[in-house]
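Below is final.csv, which holds CSV, C-alpha atoms and all ligand atoms.
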```csv
chain,number,residue,atom,x,y,z
A,75,MET,CA,-45.9,-37.3,4.0
A,76,LYS,CA,-46.8,-36.0,0.6
A,77,ALA,CA,-48.4,-32.9,2.2
A,78,LEU,CA,-45.3,-32.4,4.3
A,79,THR,CA,-43.1,-32.5,1.2
A,80,VAL,CA,-45.3,-30.1,-0.6
A,81,GLY,CA,-45.3,-27.8,2.5
A,82,LEU,CA,-41.5,-27.9,2.7
A,83,ILE,CA,-41.2,-27.1,-1.0
A,84,ALA,CA,-43.7,-24.2,-0.7
A,85,SER,CA,-41.8,-22.9,2.4
A,86,PHE,CA,-38.5,-23.1,0.5
A,87,TYR,CA,-40.0,-21.2,-2.4
A,88,LEU,CA,-41.4,-18.5,-0.1
A,89,VAL,CA,-38.1,-18.0,1.7
A,90,PHE,CA,-35.7,-18.1,-1.2
A,91,ASN,CA,-37.7,-16.9,-4.1
A,92,VAL,CA,-35.9,-13.7,-4.8
A,93,GLN,CA,-35.2,-14.1,-8.5
A,94,GLU,CA,-37.6,-11.4,-9.6
A,95,GLN,CA,-35.6,-8.4,-8.5
A,96,PRO,CA,-37.7,-5.2,-8.7
A,97,VAL,CA,-36.3,-1.9,-9.8
A,98,VAL,CA,-34.9,-0.1,-6.8
A,99,ILE,CA,-33.3,3.4,-6.8
A,100,SER,CA,-30.2,2.9,-4.8
A,101,SER,CA,-27.7,5.6,-5.7
A,102,GLN,CA,-27.6,9.3,-5.1
A,103,LYS,CA,-27.2,9.9,-8.9
A,104,GLU,CA,-30.4,8.0,-9.7
A,105,TYR,CA,-32.4,9.7,-6.9
A,106,GLN,CA,-31.2,13.1,-8.0
A,107,ALA,CA,-32.3,12.3,-11.6
A,108,VAL,CA,-35.7,11.3,-10.4
A,109,ILE,CA,-36.4,14.4,-8.3
A,110,LYS,CA,-35.1,16.6,-11.1
A,111,GLN,CA,-37.8,15.2,-13.4
A,112,TYR,CA,-40.4,14.9,-10.6
A,113,PRO,CA,-39.7,17.4,-7.9
A,114,GLU,CA,-42.6,16.2,-5.7
A,115,GLN,CA,-40.9,12.9,-5.3
A,116,ILE,CA,-38.4,14.4,-2.9
A,117,LEU,CA,-38.1,12.7,0.4
A,118,GLN,CA,-38.4,15.2,3.2
A,119,GLU,CA,-37.8,14.8,7.0
A,120,ILE,CA,-41.2,14.8,8.6
A,121,VAL,CA,-40.3,16.7,11.8
A,122,LYS,CA,-38.4,19.4,9.9
A,123,GLU,CA,-41.6,20.1,7.9
A,124,ILE,CA,-44.1,19.5,10.7
A,125,PRO,CA,-42.2,20.3,14.0
A,126,THR,CA,-45.2,19.4,16.3
A,127,ILE,CA,-45.3,15.7,15.1
A,128,LYS,CA,-43.8,13.3,17.6
A,129,LEU,CA,-41.6,10.3,16.7
A,130,ASP,CA,-41.2,6.9,18.3
A,131,ILE,CA,-39.1,5.1,15.7
A,132,LYS,CA,-39.2,1.6,17.0
A,133,TYR,CA,-36.9,0.2,14.3
A,134,ALA,CA,-34.0,2.4,15.6
A,135,THR,CA,-34.3,0.5,18.9
A,136,LYS,CA,-34.5,-3.2,19.8
A,137,ASP,CA,-38.1,-2.7,20.9
A,138,ASN,CA,-39.6,-4.1,17.7
A,139,PHE,CA,-40.7,-7.5,16.3
A,140,SER,CA,-37.2,-8.3,14.9
A,141,GLY,CA,-35.4,-7.6,18.2
A,142,ILE,CA,-32.7,-5.7,16.3
A,143,ALA,CA,-32.1,-2.0,15.8
A,144,VAL,CA,-32.3,-1.9,12.0
A,145,TYR,CA,-32.1,1.9,11.6
A,146,HIS,CA,-28.9,3.8,12.6
A,147,GLN,CA,-30.9,7.0,13.1
A,148,ALA,CA,-34.3,7.6,14.7
A,149,LYS,CA,-35.7,9.5,11.8
A,150,ALA,CA,-38.8,9.6,9.6
A,151,TYR,CA,-38.9,10.7,5.9
A,152,ALA,CA,-41.7,10.7,3.4
A,153,ARG,CA,-42.4,12.1,-0.1
A,154,LYS,CA,-43.5,15.7,-0.3
A,155,PRO,CA,-47.3,15.1,-1.0
A,156,VAL,CA,-47.4,12.6,1.9
A,157,ILE,CA,-46.0,15.3,4.2
A,158,ASP,CA,-48.4,17.9,2.9
A,159,ALA,CA,-51.3,15.6,3.8
A,160,LEU,CA,-49.9,14.8,7.2
A,161,ARG,CA,-49.6,18.6,7.9
A,162,LYS,CA,-53.3,19.0,7.3
A,163,ILE,CA,-54.1,16.1,9.6
A,164,GLN,CA,-51.8,17.4,12.3
A,165,LYS,CA,-53.5,20.8,12.1
A,166,GLU,CA,-57.0,19.2,12.5
A,167,LEU,CA,-55.8,17.1,15.4
A,168,ASN,CA,-54.1,19.9,17.2
A,169,GLN,CA,-57.3,21.9,17.2
A,170,GLN,CA,-58.7,19.0,19.3
A,171,GLY,CA,-55.8,18.8,21.7
A,172,LEU,CA,-54.4,15.8,19.8
A,173,GLY,CA,-51.5,15.0,17.5
A,174,LEU,CA,-49.8,12.3,15.5
A,175,LYS,CA,-47.0,10.0,16.7
A,176,ILE,CA,-45.0,8.3,13.9
A,177,PHE,CA,-43.5,4.8,14.4
A,178,ASP,CA,-42.1,4.4,10.9
A,179,ALA,CA,-42.3,6.1,7.5
A,180,TYR,CA,-39.8,5.7,4.5
A,181,ARG,CA,-37.9,2.5,5.0
A,182,PRO,CA,-34.8,1.7,2.8
A,183,TYR,CA,-35.4,-1.5,0.7
A,184,ALA,CA,-32.5,-3.3,2.3
A,185,VAL,CA,-34.4,-3.3,5.6
A,186,THR,CA,-37.4,-4.9,3.9
A,187,VAL,CA,-35.1,-7.7,2.7
A,188,LYS,CA,-33.8,-8.1,6.2
A,189,PHE,CA,-37.3,-8.3,7.7
A,190,TRP,CA,-38.3,-10.9,5.2
A,191,LYS,CA,-35.4,-13.1,6.2
A,192,LEU,CA,-36.0,-12.6,9.9
A,193,THR,CA,-39.8,-13.3,9.9
A,194,PRO,CA,-41.0,-16.8,10.6
A,195,ILE,CA,-42.9,-18.5,7.8
A,196,ASP,CA,-46.3,-18.3,9.6
A,197,LYS,CA,-46.0,-14.5,10.0
A,198,LYS,CA,-44.8,-13.6,6.5
A,199,ASP,CA,-48.2,-12.1,5.7
A,200,TYR,CA,-47.3,-9.2,8.0
A,201,VAL,CA,-44.1,-8.2,6.2
A,202,ALA,CA,-43.6,-7.1,2.6
A,203,ASN,CA,-42.2,-9.6,0.1
A,204,PRO,CA,-38.9,-8.2,-1.4
A,205,ASN,CA,-40.1,-9.2,-4.9
A,206,LYS,CA,-42.7,-6.5,-4.7
A,207,GLY,CA,-41.1,-4.3,-2.0
A,208,SER,CA,-43.0,-2.3,0.6
A,209,ARG,CA,-44.9,0.9,0.2
A,210,HIS,CA,-42.7,2.1,3.0
A,211,ASN,CA,-39.8,1.6,0.5
A,212,ARG,CA,-41.6,4.1,-1.8
A,213,GLY,CA,-41.8,6.8,0.9
A,214,CYS,CA,-45.6,6.6,0.6
A,215,ALA,CA,-46.5,4.6,3.8
A,216,VAL,CA,-46.7,5.7,7.4
A,217,ASP,CA,-47.2,3.8,10.6
A,218,LEU,CA,-48.7,6.0,13.3
A,219,THR,CA,-51.1,6.6,16.1
A,220,ILE,CA,-52.7,9.6,17.9
A,221,ILE,CA,-51.5,11.1,21.2
A,222,ASN,CA,-52.8,13.6,23.6
A,223,LEU,CA,-50.8,16.8,22.8
A,224,LYS,CA,-50.3,17.8,26.4
A,225,THR,CA,-49.4,14.5,28.0
A,226,GLY,CA,-47.9,12.7,25.0
A,227,VAL,CA,-49.9,9.6,26.0
A,228,GLU,CA,-51.2,7.5,23.1
A,229,LEU,CA,-55.0,7.1,22.7
A,230,LYS,CA,-56.1,3.6,23.5
A,231,MET,CA,-56.0,1.4,20.4
A,232,PRO,CA,-56.9,-2.3,20.0
A,233,THR,CA,-53.2,-3.5,20.1
A,234,PRO,CA,-49.7,-2.2,20.4
A,235,TYR,CA,-47.8,-1.3,17.2
A,236,ASP,CA,-46.6,-4.2,15.1
A,237,SER,CA,-48.7,-6.7,16.9
A,238,PHE,CA,-49.0,-9.6,14.5
A,239,THR,CA,-52.4,-10.7,15.8
A,240,LYS,CA,-56.0,-10.8,14.5
A,241,GLU,CA,-56.9,-7.9,16.9
A,242,ALA,CA,-54.6,-5.7,14.8
A,243,ALA,CA,-56.9,-5.9,11.8
A,244,ALA,CA,-58.4,-2.6,10.8
A,245,ASP,CA,-61.9,-3.9,10.9
A,246,TYR,CA,-61.7,-6.2,13.9
A,247,GLU,CA,-65.0,-5.9,15.8
A,248,ASN,CA,-64.5,-7.7,19.1
A,249,ILE,CA,-62.8,-4.9,21.0
A,250,PRO,CA,-63.8,-2.4,23.8
A,251,PRO,CA,-65.8,0.5,22.5
A,252,GLU,CA,-63.2,3.2,23.3
A,253,GLU,CA,-60.5,1.4,21.4
A,254,LYS,CA,-62.8,0.9,18.4
A,255,LYS,CA,-63.8,4.6,18.5
A,256,ASN,CA,-60.2,5.8,18.6
A,257,ARG,CA,-59.1,3.4,15.8
A,258,ASP,CA,-62.0,4.3,13.6
A,259,PHE,CA,-61.4,8.0,14.2
A,260,LEU,CA,-57.8,7.6,13.1
A,261,ILE,CA,-58.7,5.6,10.0
A,262,ASN,CA,-61.4,8.1,8.9
A,263,MET,CA,-59.2,11.1,9.5
A,264,MET,CA,-56.4,9.5,7.4
A,265,LYS,CA,-58.9,8.5,4.7
A,266,GLN,CA,-60.3,12.0,4.3
A,267,ASN,CA,-56.7,13.1,3.6
A,268,GLY,CA,-55.7,10.5,1.0
A,269,PHE,CA,-54.5,7.6,3.1
A,270,ASN,CA,-55.9,4.1,3.1
A,271,VAL,CA,-55.4,1.7,6.0
A,272,ILE,CA,-54.3,-1.8,5.3
A,273,LYS,CA,-56.5,-4.6,6.3
A,274,SER,CA,-54.2,-6.4,8.7
A,275,GLU,CA,-52.7,-3.4,10.6
A,276,TRP,CA,-54.7,-0.5,12.1
A,277,TRP,CA,-51.5,1.7,12.3
A,278,HIS,CA,-50.4,1.3,8.6
A,279,PHE,CA,-51.5,3.8,6.0
A,280,ASP,CA,-50.7,3.9,2.2
A,281,PHE,CA,-50.9,7.3,0.4
A,282,LYS,CA,-52.9,7.4,-2.8
A,283,GLY,CA,-50.8,7.1,-5.9
A,284,TRP,CA,-48.0,5.2,-4.1
A,285,GLU,CA,-47.5,3.1,-7.3
A,286,ASN,CA,-46.1,6.2,-9.1
A,287,TYR,CA,-43.2,6.4,-6.7
A,288,PRO,CA,-40.2,4.0,-7.1
A,289,LEU,CA,-38.8,1.7,-4.5
A,290,MET,CA,-35.7,3.2,-2.9
A,291,ASP,CA,-32.7,2.0,-1.0
A,292,ILE,CA,-30.9,5.1,0.2
A,293,PRO,CA,-30.1,5.2,4.0
A,294,PHE,CA,-31.4,8.2,6.1
A,295,GLN,CA,-27.9,9.7,6.5
A,296,LYS,CA,-27.6,10.0,2.7
A,297,LEU,CA,-30.9,11.8,2.1
B,1,ZN,ZN,-46.3,-0.1,7.9
```
Reformat the file's structure so that it appears as structure tokens.
Amino acid sequence: MKALTVGLIASFYLVFNVQEQPVVISSQKEYQAVIKQYPEQILQEIVKEIPTIKLDIKYATKDNFSGIAVYHQAKAYARKPVIDALRKIQKELNQQGLGLKIFDAYRPYAVTVKFWKLTPIDKKDYVANPNKGSRHNRGCAVDLTIINLKTGVELKMPTPYDSFTKEAAADYENIPPEEKKNRDFLINMMKQNGFNVIKSEWWHFDFKGWENYPLMDIPFQKL
């Protein structure tokens, strides 16, 4: 009984602990002031900068873990240095008949708050706590995979995107050799260009220096 009570209190704390509000850039005026001072912090639309990159923005559809279309537009934005690095990766992949496909990139902070509320307590490790925000909110994280350029078919990976399972871990060993080879190829290629995979998700990469970019809550249509 005591354990149950402690568990309930802990759950309550996890769900409702939002008193530590982080600093979030949420107006055009603030955003413009930031990029005036730090021009490289501009958020650019990925396909406008790298037209050969494919998009599959799951959060603009109901085909995602939340079951809700949380984006009104199927778009992907990232900070300029992130895009410069992706451009290099895409060039290398293209030479091998391959290319990147992006599931998600910059994510407005309000969506992170929504995800936190929608995610069951036992899966909260897979979503960002709004107290800290997500690196996606900083325009410095990308969720992606590799496709065959000609066919558009994804290389075989250990799990589908946003699979909240142990097999999604970036170092999970007990998987078929082809899937491991493809996953490790992606992780190494990203690493060589300044991105680190996160432990629990083979598809999620943080760009080095992400902590220098503020959290943002400006919707795509206002960028
Ligand atoms: Zn991610």
Can you build me a table of chain A residues sitting at most 6 Å from ligand ZN 1 (chain B), with the closest atom pair per residue and its distance in Å to one decimal, using all atoms listed in the file, sorted by chain and residue number, as a Markdown table?
```
| residue | atom | partner | partner_atom | distance |
| --- | --- | --- | --- | --- |
| A:Val216 | CA | B:ZN1 | ZN | 5.8 |
| A:Asp217 | CA | B:ZN1 | ZN | 4.8 |
| A:His278 | CA | B:ZN1 | ZN | 4.4 |
```
Those same residues - C-alpha atoms - I'd like them written as a PDB file, in the frame of the given file.
```pdb
ATOM      1  CA  VAL A 216     -46.700   5.700   7.400  1.00  0.00           C
ATOM      2  CA  ASP A 217     -47.200   3.800  10.600  1.00  0.00           C
ATOM      3  CA  HIS A 278     -50.400   1.300   8.600  1.00  0.00           C
TER       4      HIS A 278
END
```
- [ ] To one decimal in Å, tell me the separation between CA of Val185 in chain A and CA of Gln295 in chain A.
- [x] 14.6 Å
Task: Counting all atoms listed in the file, the residue of A:Asp137, A:Glu241, A:Asp130, A:Glu123 that sits nearest Asp158 in chain A - done: A:Glu123
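Proximity of A:Ile131, A:Ala242, A:Met290, A:Met264 to Phe177 in chain A, computed with only C-alpha atoms, is greatest for A:Ile131.
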Task: range 201-207 of chain A environment, 7 Å, only C-alpha atoms, sequence neighbours closer than 5 positions dropped, as a ChimeraX atom specification - done: /A:92,94-96,183,186-187,189-190,289
Task: d(CA of Glu114 in chain A, CA of Arg153 in chain A) in Å - done: 6.9 Å
Task: Pick from A:Lys254, A:Lys103, A:Lys224, A:Lys197 nearest to Lys296 in chain A, counting all atoms listed in the file - done: A:Lys103
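The space between CA of Asp280 in chain A and CA of Cys214 in chain A spans 6.0 Å.
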Task: For range 270-276 of chain A: contacts at 9 Å, only C-alpha atoms, fewer than 5 positions along chain excluded, given as number ranges by chain - done: A: 199-200, 217-219, 231-233, 235-245, 257-258, 260-262, 264-265, 281-282
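Minimum distance to Gly213 in chain A across A:Pro293, A:Pro288, A:Pro251, A:Gly226 (counting only C-alpha atoms) occurs at A:Pro288.
Considering the residues A:Lys122, A:Lys255, A:Lys230, A:Arg212 and counting only C-alpha atoms, Lys149 in chain A has its shortest atom-to-atom contact with A:Lys122.
Close contacts of Tyr112 in chain A, defined as residues with an atom at most 12 Å away when counting all atoms listed in the file, with chain neighbours fewer than 4 positions off set aside, comprise A:Tyr105, A:Gln106, A:Ala107, A:Val108, A:Ile116, A:Leu117, A:Arg153, A:Lys154, A:Pro155, A:Asn286, A:Tyr287, A:Pro288.
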Is it possible to get the residues within 9 Å of (-37.6, 15.0, 9.3) (coordinates as in the file, counting only C-alpha atoms) written as a compact mmCIF listing (two decimals) with C-alpha atoms, in the coordinates of the input?
```txt
# COMPACT_ATOMS: atom_id res chain seq x y z
CA GLN A 118 -38.40 15.20 3.20
CA GLU A 119 -37.80 14.80 7.00
CA ILE A 120 -41.20 14.80 8.60
CA VAL A 121 -40.30 16.70 11.80
CA LYS A 122 -38.40 19.40 9.90
CA GLU A 123 -41.60 20.10 7.90
CA ILE A 124 -44.10 19.50 10.70
CA PRO A 125 -42.20 20.30 14.00
CA LYS A 149 -35.70 9.50 11.80
CA ALA A 150 -38.80 9.60 9.60
CA TYR A 151 -38.90 10.70 5.90
CA ALA A 152 -41.70 10.70 3.40
```
